Amino acid sequence: MPGLEALIAPEALHDSAERCDAPKCDPQTRVAVQDDLYSWIEHGDAVNPINMKWVTGPAGSGNTAVMGSVTERCKRNGFPVASFFFSSLGSIGRRTKTAFVTTIAYQLAQHRQDLKDAIAAAMEADAIVFKKTLEVQMETLVLAPLRAVAGPSDTALRGVIVIDGLDECGVEGIQDNTTTGSRTKPTRTKEEDQLEILQVLHQASSDPSFPFRIIIASRPERVFRHFFDPERQNSPNAPKLDLHQEYNAEADITLFLKARFDHLRRLHNLPPSWLPPNAIKVLVDKASGQFIYAATVIRFLELGHRVPPKALLETILKMEATGTSNPLNILDELYSHILNSSPDPLLSVRWIRVIEYLNQKFGSSSSSCLMPSASNITLLLQTDPAGNEAEHLLGNLHSLIRIPPPRNEATTTYSFYHKSLFDFLEDPDRCGKLHIQREKVLGFLWDRIHGVCASEFDVGMVILFLFLI
């Protein structure tokens with residue numbers, strides 16, 4: 001289906017190359033929640049036979065890892081699966097609703113030839129369906145073809161649609177070039193687009209010919225709390241699943257840390273007694289159920305440091321949160337410690353904020369080939385080409401930012417492990433002296449563009465930077 005292939009977001013699939021480093025549940029961790037979700041996918045709930053479920057939890061609670069592991073388990077066991085993993089730090093197709101329905105339809109078409117033929121016929125009958133609302137797209141590309149080939153009693157297509165990170169779906173800007181001149185149309189809010197997706201999925205799950213269960217994972221933002229509030233829903237959904245409240249993550253974090261510390265011991269040829277007494281218990285208590293804390297600690301010990309892991313671990317164990325009422329305090333303390341390990345923390349933060357800004361701006365363009373490579377960003381931001389400034393500023397920050405090896409710098413972008421880093425950096429109450437106002441970040445970027453205009457830097461890339469700033 002070449003016409004459909006060109007309109008999907010392949011990077012949003014659970015097994016896409018872009019997600020090769022996506023978090024996954026370690027063996028023997030998050031077993032209970034995976035089993036509960038898989039049982040619901042396979043058998044449903046006789047007491048509450050609704051086919052749409054919300055999985056939620058605060059940032060860092062492991063939503064994406066659970067969704068990825070459940071999706072892989074369903075595929076291994078032969079369940080028809082379609083997935084869409086949103087990410088505000090990913091490529092443009094994963095950030096907006098534009099390719100959502102087409103991507104789901106494309107995956108469903110792979111499961112049966114008659115369904116693929118029905119979707120192809122629908123596309124031929126309405127060539128501009130891709131320019132219509134998500135509701136029309138869902139009806140034309142998914143529901144009508146399903147009605148044509150499969151009835152309610154057809155169990156061959158019983159499967160699951162997994163939607164992760166819907167709270168990270170943003171709004172795509174629309175440029176209106178008409179005979180009266182070029183102007184930017186008023187944009188909707190991201191919450192409106194997120195609600196539109198929820199309503200379209202609810203429309204599908206309520207159709208008798210739709211044989212798929214739907215799992216939606218997101219942070220507990222207002223639009224989701226409101227939509228899934230059982231007192232507000234005329235057509236209720238399956239009971240929500242809260243990873244933070246309903247499942248004790250401490251045992252899973254303990255298993256994760258034990259396995260990773262064993263790996264570190266073997267990697268560095270450390271004695272069995274290298275781990276300080278009660279270290280794992282202290283870290284589990286500090287994590288407060290947040291897998292992102294444990295994962296960041298391990299990356300901090302594994303990546304980009306010349307300091308022995310035992311000394312780094314002892315530093316982490318001595319950290320104290322500035323308060324105890326907010327479980328994010330200890331994560332904030334860890335982020336602060338890692339960023340302050342840079343020789344120039346504020347300049348490193350400027351680099352990080354500019355990299356994220358450029359990734360967002362170039363990623364929102366119509367061509368992913370415009371994404372700036374790590375080497376181009378380094379050439380733009382460095383002040384001394386002979387000084388290896390990128391390594392100087394970012395060398396200790398590998399636990400926060402994916403830095404490509406030198407051989408791949410010209411073809412690979414800088415990227416980040418978790419959105420919670422920018423939640424931290426953009427909140428002055430959380431990051432304190434590391435906070436830099438957006439205007440100053442853009443001012444720093446403008447100064448660097450101005451500084452390279454007369455240099456040997458790629459002129460075409462400079463023009464693009466000027467266009468997007």
# chains A, B, ... in the order shown; residues from 1 in each chain; ligands from 1

call {"tool": "residues_around", "arguments": {"residues": "range 270-278 of chain A", "least_positions_apart": "6", "cutoff": "12 Å", "atoms": "only C-alpha atoms", "output": "PyMOL selection string"}}
result
chain A and resi 254+257-258+260-264+284-285+308-318

call {"tool": "write_last_selection", "arguments": {"atoms": "N, CA, C and O atoms", "output": "CSV table (one decimal), in the first residue's frame"}}
result
chain,number,residue,atom,x,y,z
A,254,THR,N,14.2,-2.9,43.1
A,254,THR,CA,15.3,-3.7,43.8
A,254,THR,C,15.9,-4.7,42.9
A,254,THR,O,17.1,-4.8,42.8
A,257,LEU,N,18.1,-2.9,40.2
A,257,LEU,CA,19.3,-2.4,40.7
A,257,LEU,C,20.3,-3.5,41.0
A,257,LEU,O,21.5,-3.4,40.7
A,258,LYS,N,19.8,-4.7,41.5
A,258,LYS,CA,20.7,-5.8,41.8
A,258,LYS,C,21.3,-6.3,40.5
A,258,LYS,O,22.5,-6.6,40.4
A,260,ARG,N,21.8,-4.7,37.7
A,260,ARG,CA,22.7,-3.7,37.1
A,260,ARG,C,24.0,-3.6,37.9
A,260,ARG,O,25.0,-3.4,37.3
A,261,PHE,N,23.9,-3.7,39.2
A,261,PHE,CA,25.1,-3.6,40.0
A,261,PHE,C,26.0,-4.8,39.8
A,261,PHE,O,27.2,-4.8,39.8
A,262,ASP,N,25.3,-6.0,39.6
A,262,ASP,CA,26.1,-7.2,39.2
A,262,ASP,C,26.8,-7.0,37.9
A,262,ASP,O,28.0,-7.4,37.8
A,263,HIS,N,26.1,-6.4,37.0
A,263,HIS,CA,26.8,-6.1,35.7
A,263,HIS,C,28.0,-5.1,35.9
A,263,HIS,O,29.0,-5.4,35.3
A,264,LEU,N,27.8,-4.1,36.6
A,264,LEU,CA,28.9,-3.2,36.9
A,264,LEU,C,30.1,-3.9,37.6
A,264,LEU,O,31.3,-3.6,37.3
A,284,VAL,N,16.4,2.5,46.6
A,284,VAL,CA,15.0,2.2,46.4
A,284,VAL,C,14.1,3.2,47.2
A,284,VAL,O,13.1,3.7,46.7
A,285,ASP,N,14.5,3.5,48.4
A,285,ASP,CA,13.8,4.5,49.2
A,285,ASP,C,13.8,5.9,48.5
A,285,ASP,O,12.8,6.6,48.4
A,308,PRO,N,35.8,6.1,39.5
A,308,PRO,CA,35.4,4.7,39.7
A,308,PRO,C,33.9,4.7,40.2
A,308,PRO,O,33.5,5.6,40.9
A,309,PRO,N,33.2,3.7,39.8
A,309,PRO,CA,31.7,3.7,40.1
A,309,PRO,C,31.4,3.7,41.6
A,309,PRO,O,30.4,4.2,42.0
A,310,LYS,N,32.3,3.1,42.4
A,310,LYS,CA,32.1,3.1,43.8
A,310,LYS,C,32.1,4.5,44.4
A,310,LYS,O,31.2,4.8,45.2
A,311,ALA,N,33.0,5.3,43.9
A,311,ALA,CA,33.1,6.7,44.4
A,311,ALA,C,31.8,7.5,44.0
A,311,ALA,O,31.3,8.3,44.7
A,312,LEU,N,31.4,7.3,42.7
A,312,LEU,CA,30.2,7.9,42.2
A,312,LEU,C,29.0,7.5,43.0
A,312,LEU,O,28.1,8.3,43.4
A,313,LEU,N,28.9,6.2,43.3
A,313,LEU,CA,27.8,5.7,44.0
A,313,LEU,C,27.7,6.3,45.5
A,313,LEU,O,26.6,6.6,46.0
A,314,GLU,N,28.9,6.4,46.1
A,314,GLU,CA,28.9,6.9,47.5
A,314,GLU,C,28.4,8.4,47.5
A,314,GLU,O,27.8,8.8,48.4
A,315,THR,N,28.8,9.1,46.4
A,315,THR,CA,28.3,10.5,46.3
A,315,THR,C,26.8,10.5,46.2
A,315,THR,O,26.1,11.3,46.9
A,316,ILE,N,26.2,9.6,45.4
A,316,ILE,CA,24.7,9.6,45.2
A,316,ILE,C,24.1,9.2,46.5
A,316,ILE,O,23.0,9.8,46.9
A,317,LEU,N,24.6,8.3,47.2
A,317,LEU,CA,24.0,7.8,48.5
A,317,LEU,C,24.0,8.9,49.5
A,317,LEU,O,23.2,8.9,50.4
A,318,LYS,N,25.0,9.9,49.5
A,318,LYS,CA,25.0,10.9,50.4
A,318,LYS,C,24.1,12.1,50.1
A,318,LYS,O,23.9,13.0,50.9

call {"tool": "select_by_dssp", "arguments": {"residues": "range 37-271 of chain A", "states": "alpha helix (DSSP H)", "output": "number ranges by chain"}}
result
A: 37-43, 63-76, 100-109, 113-125, 134-138, 144-149, 190-205, 222-227, 243-246, 250-267

call {"tool": "select_by_dssp", "arguments": {"residues": "range 131-332 of chain A", "states": "strand (DSSP E or B)", "output": "PyMOL selection string"}}
result
chain A and resi 159-164+175-178+181-184+212-218+241-242

call {"tool": "closest_residue", "arguments": {"among": "A:Pro405, A:Gly57, A:Pro145, A:Pro2", "to": "His244 in chain A", "atoms": "only C-alpha atoms"}}
result
A:Gly57

call {"tool": "closest_residue", "arguments": {"among": "A:Val160, A:Glu426, A:Leu379, A:Ile449", "to": "Gly44 in chain A", "atoms": "only C-alpha atoms"}}
result
A:Val160

call {"tool": "atom_distance", "arguments": {"atom1": "CA of Gly165 in chain A", "atom2": "CA of Ser88 in chain A"}}
result
8.7 Å

call {"tool": "closest_atom_pairs", "arguments": {"of": "range 395-454 of chain A", "to": "range 343-357 of chain A", "cutoff": "8 Å", "atoms": "only C-alpha atoms", "output": "JSON lines"}}
result
{"residue": "A:Tyr414", "atom": "CA", "partner": "A:Ile355", "partner_atom": "CA", "distance": 7.2}
{"residue": "A:Ser415", "atom": "CA", "partner": "A:Glu356", "partner_atom": "CA", "distance": 7.8}
{"residue": "A:Leu434", "atom": "CA", "partner": "A:Leu346", "partner_atom": "CA", "distance": 6.1}
{"residue": "A:Ile436", "atom": "CA", "partner": "A:Arg350", "partner_atom": "CA", "distance": 7.5}
{"residue": "A:Val441", "atom": "CA", "partner": "A:Arg350", "partner_atom": "CA", "distance": 6.1}
{"residue": "A:Leu442", "atom": "CA", "partner": "A:Val354", "partner_atom": "CA", "distance": 7.5}
{"residue": "A:Phe444", "atom": "CA", "partner": "A:Arg350", "partner_atom": "CA", "distance": 7.5}
{"residue": "A:Leu445", "atom": "CA", "partner": "A:Val354", "partner_atom": "CA", "distance": 6.7}

call {"tool": "residues_around", "arguments": {"residues": "Asn63 in chain A", "least_positions_apart": "5", "cutoff": "10 Å", "atoms": "only C-alpha atoms", "output": "PDB file with all heavy atoms, in the first residue's frame"}}
result
ATOM      1  N   PRO A  23      13.095   2.369  26.745  1.00  0.00           N
ATOM      2  CA  PRO A  23      13.119   1.559  27.971  1.00  0.00           C
ATOM      3  C   PRO A  23      12.236   0.326  27.841  1.00  0.00           C
ATOM      4  O   PRO A  23      11.183   0.354  27.208  1.00  0.00           O
ATOM      5  CB  PRO A  23      12.567   2.521  29.030  1.00  0.00           C
ATOM      6  CG  PRO A  23      11.783   3.536  28.265  1.00  0.00           C
ATOM      7  CD  PRO A  23      12.482   3.696  26.962  1.00  0.00           C
ATOM      8  N   LYS A  24      12.708  -0.761  28.432  1.00  0.00           N
ATOM      9  CA  LYS A  24      11.948  -2.007  28.495  1.00  0.00           C
ATOM     10  C   LYS A  24      12.020  -2.541  29.907  1.00  0.00           C
ATOM     11  O   LYS A  24      12.964  -2.255  30.651  1.00  0.00           O
ATOM     12  CB  LYS A  24      12.513  -3.038  27.517  1.00  0.00           C
ATOM     13  CG  LYS A  24      12.426  -2.623  26.054  1.00  0.00           C
ATOM     14  CD  LYS A  24      13.052  -3.681  25.156  1.00  0.00           C
ATOM     15  CE  LYS A  24      13.016  -3.239  23.699  1.00  0.00           C
ATOM     16  NZ  LYS A  24      13.690  -4.215  22.800  1.00  0.00           N
ATOM     17  N   CYS A  25      11.053  -3.334  30.270  1.00  0.00           N
ATOM     18  CA  CYS A  25      11.060  -3.937  31.594  1.00  0.00           C
ATOM     19  C   CYS A  25      12.158  -4.997  31.659  1.00  0.00           C
ATOM     20  O   CYS A  25      12.241  -5.863  30.786  1.00  0.00           O
ATOM     21  CB  CYS A  25       9.703  -4.579  31.906  1.00  0.00           C
ATOM     22  SG  CYS A  25       8.340  -3.401  31.968  1.00  0.00           S
ATOM     23  N   VAL A  55      -3.885   3.580  31.313  1.00  0.00           N
ATOM     24  CA  VAL A  55      -2.764   3.266  32.206  1.00  0.00           C
ATOM     25  C   VAL A  55      -2.049   4.573  32.493  1.00  0.00           C
ATOM     26  O   VAL A  55      -1.646   5.286  31.562  1.00  0.00           O
ATOM     27  CB  VAL A  55      -1.798   2.255  31.563  1.00  0.00           C
ATOM     28  CG1 VAL A  55      -0.603   2.004  32.480  1.00  0.00           C
ATOM     29  CG2 VAL A  55      -2.519   0.951  31.255  1.00  0.00           C
ATOM     30  N   THR A  56      -1.879   4.912  33.759  1.00  0.00           N
ATOM     31  CA  THR A  56      -1.304   6.199  34.093  1.00  0.00           C
ATOM     32  C   THR A  56      -0.294   6.084  35.223  1.00  0.00           C
ATOM     33  O   THR A  56      -0.152   5.031  35.857  1.00  0.00           O
ATOM     34  CB  THR A  56      -2.409   7.215  34.463  1.00  0.00           C
ATOM     35  OG1 THR A  56      -1.841   8.524  34.588  1.00  0.00           O
ATOM     36  CG2 THR A  56      -3.092   6.834  35.770  1.00  0.00           C
ATOM     37  N   GLY A  57       0.399   7.162  35.456  1.00  0.00           N
ATOM     38  CA  GLY A  57       1.413   7.234  36.498  1.00  0.00           C
ATOM     39  C   GLY A  57       2.232   8.487  36.264  1.00  0.00           C
ATOM     40  O   GLY A  57       2.291   9.000  35.149  1.00  0.00           O
ATOM     41  N   PRO A  58       2.859   9.017  37.300  1.00  0.00           N
ATOM     42  CA  PRO A  58       3.649  10.235  37.134  1.00  0.00           C
ATOM     43  C   PRO A  58       4.880  10.003  36.276  1.00  0.00           C
ATOM     44  O   PRO A  58       5.236   8.853  35.970  1.00  0.00           O
ATOM     45  CB  PRO A  58       4.044  10.592  38.583  1.00  0.00           C
ATOM     46  CG  PRO A  58       3.989   9.292  39.316  1.00  0.00           C
ATOM     47  CD  PRO A  58       2.894   8.502  38.680  1.00  0.00           C
ATOM     48  N   GLY A  68       5.853  -0.999  26.096  1.00  0.00           N
ATOM     49  CA  GLY A  68       6.707  -1.680  25.128  1.00  0.00           C
ATOM     50  C   GLY A  68       6.779  -3.172  25.388  1.00  0.00           C
ATOM     51  O   GLY A  68       6.709  -3.983  24.453  1.00  0.00           O
ATOM     52  N   ASP A 164       0.964   4.958  23.564  1.00  0.00           N
ATOM     53  CA  ASP A 164       1.785   5.380  24.701  1.00  0.00           C
ATOM     54  C   ASP A 164       2.156   6.857  24.564  1.00  0.00           C
ATOM     55  O   ASP A 164       2.368   7.370  23.465  1.00  0.00           O
ATOM     56  CB  ASP A 164       3.072   4.553  24.773  1.00  0.00           C
ATOM     57  CG  ASP A 164       3.945   4.982  25.938  1.00  0.00           C
ATOM     58  OD1 ASP A 164       3.522   4.773  27.095  1.00  0.00           O
ATOM     59  OD2 ASP A 164       5.018   5.560  25.702  1.00  0.00           O
ATOM     60  N   GLY A 165       2.228   7.525  25.710  1.00  0.00           N
ATOM     61  CA  GLY A 165       2.704   8.911  25.732  1.00  0.00           C
ATOM     62  C   GLY A 165       1.772   9.902  25.072  1.00  0.00           C
ATOM     63  O   GLY A 165       2.240  10.921  24.548  1.00  0.00           O
ATOM     64  N   ILE A 216      -4.367   3.017  26.532  1.00  0.00           N
ATOM     65  CA  ILE A 216      -3.806   4.359  26.393  1.00  0.00           C
ATOM     66  C   ILE A 216      -2.980   4.647  27.637  1.00  0.00           C
ATOM     67  O   ILE A 216      -3.497   4.577  28.759  1.00  0.00           O
ATOM     68  CB  ILE A 216      -4.912   5.411  26.242  1.00  0.00           C
ATOM     69  CG1 ILE A 216      -5.741   5.135  24.979  1.00  0.00           C
ATOM     70  CG2 ILE A 216      -4.328   6.819  26.211  1.00  0.00           C
ATOM     71  CD1 ILE A 216      -7.030   5.917  24.937  1.00  0.00           C
ATOM     72  N   ALA A 217      -1.708   4.964  27.453  1.00  0.00           N
ATOM     73  CA  ALA A 217      -0.830   5.285  28.578  1.00  0.00           C
ATOM     74  C   ALA A 217      -0.437   6.754  28.520  1.00  0.00           C
ATOM     75  O   ALA A 217      -0.076   7.268  27.457  1.00  0.00           O
ATOM     76  CB  ALA A 217       0.421   4.406  28.558  1.00  0.00           C
ATOM     77  N   SER A 218      -0.520   7.430  29.651  1.00  0.00           N
ATOM     78  CA  SER A 218      -0.157   8.846  29.711  1.00  0.00           C
ATOM     79  C   SER A 218       0.095   9.233  31.158  1.00  0.00           C
ATOM     80  O   SER A 218      -0.252   8.503  32.096  1.00  0.00           O
ATOM     81  CB  SER A 218      -1.290   9.723  29.151  1.00  0.00           C
ATOM     82  OG  SER A 218      -2.355   9.822  30.091  1.00  0.00           O
ATOM     83  N   ARG A 219       0.675  10.410  31.315  1.00  0.00           N
ATOM     84  CA  ARG A 219       0.718  11.003  32.644  1.00  0.00           C
ATOM     85  C   ARG A 219      -0.700  11.424  33.035  1.00  0.00           C
ATOM     86  O   ARG A 219      -1.563  11.601  32.177  1.00  0.00           O
ATOM     87  CB  ARG A 219       1.638  12.229  32.646  1.00  0.00           C
ATOM     88  CG  ARG A 219       3.088  11.944  32.315  1.00  0.00           C
ATOM     89  CD  ARG A 219       3.911  13.220  32.474  1.00  0.00           C
ATOM     90  NE  ARG A 219       5.253  13.083  31.931  1.00  0.00           N
ATOM     91  CZ  ARG A 219       6.190  14.010  32.042  1.00  0.00           C
ATOM     92  NH1 ARG A 219       5.924  15.145  32.662  1.00  0.00           N
ATOM     93  NH2 ARG A 219       7.396  13.815  31.531  1.00  0.00           N
ATOM     94  N   ASP A 242      -3.347   2.541  37.673  1.00  0.00           N
ATOM     95  CA  ASP A 242      -2.365   3.524  38.123  1.00  0.00           C
ATOM     96  C   ASP A 242      -1.106   2.795  38.575  1.00  0.00           C
ATOM     97  O   ASP A 242      -1.108   2.113  39.603  1.00  0.00           O
ATOM     98  CB  ASP A 242      -2.942   4.364  39.261  1.00  0.00           C
ATOM     99  CG  ASP A 242      -2.084   5.582  39.584  1.00  0.00           C
ATOM    100  OD1 ASP A 242      -0.844   5.427  39.634  1.00  0.00           O
ATOM    101  OD2 ASP A 242      -2.642   6.675  39.788  1.00  0.00           O
ATOM    102  N   LEU A 243      -0.033   2.953  37.817  1.00  0.00           N
ATOM    103  CA  LEU A 243       1.204   2.231  38.126  1.00  0.00           C
ATOM    104  C   LEU A 243       1.787   2.654  39.466  1.00  0.00           C
ATOM    105  O   LEU A 243       2.448   1.861  40.138  1.00  0.00           O
ATOM    106  CB  LEU A 243       2.246   2.475  37.027  1.00  0.00           C
ATOM    107  CG  LEU A 243       1.934   1.927  35.639  1.00  0.00           C
ATOM    108  CD1 LEU A 243       3.091   2.219  34.690  1.00  0.00           C
ATOM    109  CD2 LEU A 243       1.682   0.435  35.697  1.00  0.00           C
ATOM    110  N   HIS A 244       1.559   3.903  39.848  1.00  0.00           N
ATOM    111  CA  HIS A 244       2.173   4.405  41.076  1.00  0.00           C
ATOM    112  C   HIS A 244       1.379   4.011  42.308  1.00  0.00           C
ATOM    113  O   HIS A 244       1.956   3.690  43.356  1.00  0.00           O
ATOM    114  CB  HIS A 244       2.297   5.921  40.992  1.00  0.00           C
ATOM    115  CG  HIS A 244       3.129   6.520  42.093  1.00  0.00           C
ATOM    116  ND1 HIS A 244       4.480   6.288  42.216  1.00  0.00           N
ATOM    117  CD2 HIS A 244       2.804   7.347  43.129  1.00  0.00           C
ATOM    118  CE1 HIS A 244       4.959   6.927  43.270  1.00  0.00           C
ATOM    119  NE2 HIS A 244       3.956   7.583  43.835  1.00  0.00           N
ATOM    120  N   PHE A 291      10.996   4.685  38.407  1.00  0.00           N
ATOM    121  CA  PHE A 291      12.038   3.949  37.707  1.00  0.00           C
ATOM    122  C   PHE A 291      13.047   4.882  37.057  1.00  0.00           C
ATOM    123  O   PHE A 291      14.215   4.533  36.880  1.00  0.00           O
ATOM    124  CB  PHE A 291      11.419   3.027  36.646  1.00  0.00           C
ATOM    125  CG  PHE A 291      11.200   1.625  37.138  1.00  0.00           C
ATOM    126  CD1 PHE A 291      10.043   1.298  37.817  1.00  0.00           C
ATOM    127  CD2 PHE A 291      12.147   0.647  36.941  1.00  0.00           C
ATOM    128  CE1 PHE A 291       9.834   0.017  38.281  1.00  0.00           C
ATOM    129  CE2 PHE A 291      11.956  -0.644  37.393  1.00  0.00           C
ATOM    130  CZ  PHE A 291      10.793  -0.958  38.066  1.00  0.00           C
TER     131      PHE A 291
END

call {"tool": "residues_around", "arguments": {"residues": "Gly60 in chain A", "least_positions_apart": "3", "cutoff": "10 Å", "atoms": "only C-alpha atoms", "output": "number ranges by chain"}}
result
A: 57, 63-65, 219, 244, 287, 289-295, 328, 331, 418-420

call {"tool": "residues_around", "arguments": {"residues": "Asp252 in chain A", "least_positions_apart": "3", "cutoff": "8 Å", "atoms": "only C-alpha atoms", "output": "VMD selection string"}}
result
chain A and resid 28 to 30 249 255 to 256

call {"tool": "atom_distance", "arguments": {"atom1": "CA of Asp384 in chain A", "atom2": "CA of Arg448 in chain A"}}
result
11.7 Å

call {"tool": "closest_residue", "arguments": {"among": "A:Asp427, A:Glu135, A:Asp117, A:Asp207", "to": "Met52 in chain A", "atoms": "only C-alpha atoms"}}
result
A:Asp207

call {"tool": "closest_residue", "arguments": {"among": "A:Arg402, A:His202, A:Lys97, A:Arg438", "to": "Ala12 in chain A", "atoms": "only C-alpha atoms"}}
result
A:Lys97

call {"tool": "residues_around", "arguments": {"residues": "Leu166 in chain A", "least_positions_apart": "4", "cutoff": "12 Å", "atoms": "only C-alpha atoms", "output": "PyMOL selection string"}}
result
chain A and resi 12+54-56+63-64+83-88+94-97+100+162+170+190-198+201+215-221+223-224

call {"tool": "atom_distance", "arguments": {"atom1": "CA of Phe424 in chain A", "atom2": "CA of Tyr335 in chain A"}}
result
8.1 Å
